[in-house]
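> Pasting a structure here, questions to come.
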Amino acid sequence: ERGNDVYVEKPCSHNVFESRQIVAAARKYNRMVQQGSQSRSSPALQEAVQKMKAGEFGDIYMARGLCFKSRNTIGKTPVEPVPLGVDYDLWLGPAPKREFTKNRFHYNWHWFWDTGNGDLGNQGVHQMDIARWGMGLPNSHEGMKSAVSTGGKFAYEDMQETPNTQFCSFDYGDRQIQFEVRGVLTGGEASIGNPARATSAVGNLFYGVDGWMEIADGYKVYKGENNELVKEGKSSRGSADGTKLHMENFLAAVRSRDHKSLNAEIEIGAAAADLCHFGNIAYRVGKRINWDNAKHQFDDSAANKLISRDYRKPYVVPARP
């Protein structure tokens, strides 16, 4: 109860259960918890979302998130003694006890199911948040009917468990979110990505009945059969468009004690992380899974087991904070 307000680096958690517990703890202890979707504080992207809400290019029927980031093979690393100064038991926390290997430590922990969620839950959660934001989806997941995902770990023979190529689709009845991860060399889409380098294209595409919008550092709106560029807004890298304004918004909320004033309050981040978890759950069970929002569970027992995890004692997340 004497804990501090928190600025979280990114809107992620290991599983859906933990997302909900973080939100519950923030409410119980009246803490200001801002998660690091700096895009929510970007004037250019705020303008882009307002244009979508105003029907700039008609009713939106699909949002796409793009996480195209070339990741080299992590290879295979041998078991070795734990480095001096590392409390490996504490580092593993609730994850199963494993022998130490460099591939399960530092950044590569993202690519193992014990500790990470692949690039869908690493870089991709930021674009998932923008997709939800642009479509005006509720944090409760009301309206989501099902999730399906396919893909695999291609090109490399190494220790990575999570897919480096993945496609997800989330059905909302009259509209949908699609999300794609590409971890091997690839081109971009629209004008997102550097055409001279096939290594990274990260952003969002929104499709309406009268046109479409792309979002990366800024936004572009195209309309009509001639695909005419009709609106454009640019963000400046390193400017107040992102982190500075995001931190200012957090500090203002710390002073006001009003969590609703946060641009990217933890419930928003948890909702984005949930969709990443839903996509990974569908991938891991290998089929379309239907969502019951009233019960907050799927129609599949294997999928429901992955909503939480088996916690290694004493690192147990309590059922109620």
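In the structure tokens, the first chain shown is A, the next is B, and so on; residue numbers restart at 1 for each chain, and ligands run from 1 in the order shown.
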Name the residues in contact with A:Gln21 at a cut-off of 10 Å, using only C-alpha atoms, excluding same-chain residues fewer than 2 positions from it; report them as a PyMOL selection string.
chain A and resi 16-19+23-27+270+317-321
> Can you pull out every residue within 9 Å of A:Met128, counting only C-alpha atoms, but drop anything in the same chain fewer than 6 positions away, and send it as a PyMOL selection string?
chain A and resi 64-66+120+177+179+204+272-273+275-276
> Atoms to include: N, CA and C atoms. Write the selected residues as a short mmCIF file (atom, residue, chain, number, x, y, z; two decimals), in the first residue's frame.

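So part.cif came out as:
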data_model
loop_
_atom_site.label_atom_id
_atom_site.label_comp_id
_atom_site.auth_asym_id
_atom_site.auth_seq_id
_atom_site.Cartn_x
_atom_site.Cartn_y
_atom_site.Cartn_z
N ARG A 64 -4.85 -3.40 -39.32
CA ARG A 64 -3.74 -4.34 -39.42
C ARG A 64 -2.55 -3.80 -38.64
N GLY A 65 -1.91 -4.67 -37.88
CA GLY A 65 -0.67 -4.33 -37.21
C GLY A 65 0.48 -5.04 -37.89
N LEU A 66 1.57 -4.31 -38.12
CA LEU A 66 2.74 -4.87 -38.80
C LEU A 66 3.93 -4.85 -37.85
N LEU A 120 5.35 -10.87 -31.12
CA LEU A 120 3.96 -10.42 -31.00
C LEU A 120 3.77 -9.67 -29.69
N ILE A 177 -9.38 -7.25 -36.46
CA ILE A 177 -7.98 -6.87 -36.37
C ILE A 177 -7.16 -8.01 -36.94
N PHE A 179 -3.03 -9.15 -37.52
CA PHE A 179 -1.69 -8.80 -37.07
C PHE A 179 -0.70 -9.77 -37.68
N ASN A 204 0.99 0.50 -38.66
CA ASN A 204 -0.41 0.06 -38.72
C ASN A 204 -1.07 0.54 -40.00
N ALA A 272 -4.18 -4.32 -24.61
CA ALA A 272 -3.35 -4.59 -25.79
C ALA A 272 -2.54 -5.87 -25.59
N ALA A 273 -1.97 -6.02 -24.38
CA ALA A 273 -1.21 -7.24 -24.08
C ALA A 273 -2.10 -8.47 -24.16
N LEU A 275 -4.60 -9.10 -26.15
CA LEU A 275 -4.79 -9.56 -27.53
C LEU A 275 -3.55 -10.29 -28.03
N CYS A 276 -2.37 -9.83 -27.62
CA CYS A 276 -1.15 -10.56 -27.99
C CYS A 276 -1.16 -11.95 -27.37
#
> Atom CA of A:Ser13 to atom CA of A:Leu90: how many Å, to one decimal?
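About the pair atom CA of A:Ser13 and atom CA of A:Leu90: they are 17.1 Å apart.
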> Using only C-alpha atoms, which protein or nucleic acid residues come within 10 Å of stretch 311-313 of chain A? Drop anything in the same chain fewer than 5 positions from it, and give the result as a list in words.
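Once the adjacent positions are removed, what remains is Leu92, Gly93, Pro94, Ala95, Pro96, Lys97 and Pro318 of chain A.
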> Take the residues that were just selected and, keeping all heavy atoms, output them as a JSON list (two decimals), in the first residue's frame.

[["chain", "number", "residue", "atom", "x", "y", "z"],
["A", 92, "LEU", "N", 14.62, -16.12, -12.65],
["A", 92, "LEU", "CA", 13.61, -17.00, -13.23],
["A", 92, "LEU", "C", 12.23, -16.73, -12.65],
["A", 92, "LEU", "O", 11.22, -16.83, -13.35],
["A", 92, "LEU", "CB", 13.98, -18.46, -12.98],
["A", 92, "LEU", "CG", 15.10, -19.05, -13.83],
["A", 92, "LEU", "CD1", 15.48, -20.43, -13.31],
["A", 92, "LEU", "CD2", 14.68, -19.14, -15.30],
["A", 93, "GLY", "N", 12.18, -16.37, -11.37],
["A", 93, "GLY", "CA", 10.90, -16.08, -10.74],
["A", 93, "GLY", "C", 9.94, -17.25, -10.85],
["A", 93, "GLY", "O", 10.28, -18.39, -10.51],
["A", 94, "PRO", "N", 8.71, -17.00, -11.36],
["A", 94, "PRO", "CA", 7.71, -18.07, -11.42],
["A", 94, "PRO", "C", 7.94, -19.10, -12.52],
["A", 94, "PRO", "O", 7.25, -20.11, -12.57],
["A", 94, "PRO", "CB", 6.41, -17.30, -11.69],
["A", 94, "PRO", "CG", 6.86, -16.06, -12.40],
["A", 94, "PRO", "CD", 8.19, -15.70, -11.80],
["A", 95, "ALA", "N", 8.91, -18.84, -13.41],
["A", 95, "ALA", "CA", 9.16, -19.77, -14.52],
["A", 95, "ALA", "C", 9.78, -21.06, -14.00],
["A", 95, "ALA", "O", 10.41, -21.09, -12.94],
["A", 95, "ALA", "CB", 10.09, -19.12, -15.54],
["A", 96, "PRO", "N", 9.61, -22.16, -14.73],
["A", 96, "PRO", "CA", 10.21, -23.43, -14.29],
["A", 96, "PRO", "C", 11.73, -23.31, -14.13],
["A", 96, "PRO", "O", 12.38, -22.52, -14.83],
["A", 96, "PRO", "CB", 9.86, -24.40, -15.44],
["A", 96, "PRO", "CG", 8.69, -23.79, -16.11],
["A", 96, "PRO", "CD", 8.85, -22.31, -15.99],
["A", 97, "LYS", "N", 12.27, -24.07, -13.22],
["A", 97, "LYS", "CA", 13.72, -24.06, -12.99],
["A", 97, "LYS", "C", 14.43, -24.68, -14.20],
["A", 97, "LYS", "O", 14.11, -25.79, -14.60],
["A", 97, "LYS", "CB", 14.05, -24.82, -11.72],
["A", 97, "LYS", "CG", 15.45, -24.58, -11.19],
["A", 97, "LYS", "CD", 15.60, -23.14, -10.70],
["A", 97, "LYS", "CE", 16.98, -22.89, -10.09],
["A", 97, "LYS", "NZ", 17.09, -23.50, -8.75],
["A", 318, "PRO", "N", -0.74, -13.80, -6.55],
["A", 318, "PRO", "CA", -1.97, -14.16, -5.84],
["A", 318, "PRO", "C", -3.20, -13.93, -6.70],
["A", 318, "PRO", "O", -3.19, -13.10, -7.62],
["A", 318, "PRO", "CB", -1.96, -13.21, -4.63],
["A", 318, "PRO", "CG", -1.12, -12.05, -5.06],
["A", 318, "PRO", "CD", -0.07, -12.63, -5.98]]
> Would you pick out the contacts of A:Lys220 at 9 Å or less, using only C-alpha atoms, so that residues sharing its chain but fewer than 5 positions from it are not included, and give the list as an NGL selection string?
:A and (48 or 212-215 or 229-234)
> Could you tell me how far atom CA of A:Phe167 sits from atom CA of A:Ile266, in Å to one decimal place?
25.8 Å
> Might you pull out every residue within 10 Å of stretch 77-81 of chain A, with only C-alpha atoms counted and same-chain residues fewer than 2 positions away left off, and present them as a ChimeraX atom specification?
/A:74-75,83-84,98-104,158-159
> Can those selected residues be exported to a file as a compact mmCIF listing (two decimals), in the first residue's frame so that it contains N, CA, C and O atoms?

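result.txt written:
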# COMPACT_ATOMS: atom_id res chain seq x y z
N ILE A 74 19.45 -17.16 -33.04
CA ILE A 74 20.10 -17.08 -31.73
C ILE A 74 21.05 -18.25 -31.52
O ILE A 74 21.76 -18.31 -30.50
N GLY A 75 21.09 -19.18 -32.48
CA GLY A 75 22.00 -20.30 -32.39
C GLY A 75 21.68 -21.22 -31.23
O GLY A 75 20.55 -21.26 -30.72
N PRO A 83 26.57 -16.88 -14.00
CA PRO A 83 27.59 -15.84 -13.80
C PRO A 83 27.60 -15.31 -12.37
O PRO A 83 26.56 -15.25 -11.71
N LEU A 84 28.76 -14.91 -11.92
CA LEU A 84 28.90 -14.33 -10.59
C LEU A 84 28.04 -13.08 -10.47
O LEU A 84 27.98 -12.26 -11.39
N ARG A 98 15.33 -23.95 -14.79
CA ARG A 98 16.11 -24.43 -15.93
C ARG A 98 17.59 -24.24 -15.64
O ARG A 98 17.97 -23.32 -14.91
N GLU A 99 18.42 -25.08 -16.24
CA GLU A 99 19.85 -24.85 -16.15
C GLU A 99 20.21 -23.58 -16.93
O GLU A 99 19.57 -23.25 -17.92
N PHE A 100 21.23 -22.89 -16.47
CA PHE A 100 21.59 -21.61 -17.08
C PHE A 100 22.24 -21.81 -18.45
O PHE A 100 23.14 -22.64 -18.63
N THR A 101 21.76 -21.05 -19.41
CA THR A 101 22.39 -20.95 -20.73
C THR A 101 22.17 -19.53 -21.22
O THR A 101 21.12 -18.93 -20.95
N LYS A 102 23.14 -18.98 -21.90
CA LYS A 102 23.07 -17.57 -22.31
C LYS A 102 21.84 -17.27 -23.16
O LYS A 102 21.34 -16.15 -23.16
N ASN A 103 21.35 -18.25 -23.90
CA ASN A 103 20.20 -18.01 -24.76
C ASN A 103 18.91 -17.77 -23.97
O ASN A 103 17.96 -17.21 -24.52
N ARG A 104 18.87 -18.21 -22.73
CA ARG A 104 17.68 -17.97 -21.90
C ARG A 104 17.85 -16.75 -21.00
O ARG A 104 17.03 -16.51 -20.11
N ASP A 158 17.70 -23.40 -34.40
CA ASP A 158 18.30 -22.90 -33.17
C ASP A 158 17.40 -23.22 -31.99
O ASP A 158 16.51 -24.08 -32.09
N MET A 159 17.59 -22.54 -30.87
CA MET A 159 16.86 -22.86 -29.64
C MET A 159 15.55 -22.10 -29.48
O MET A 159 14.79 -22.36 -28.54
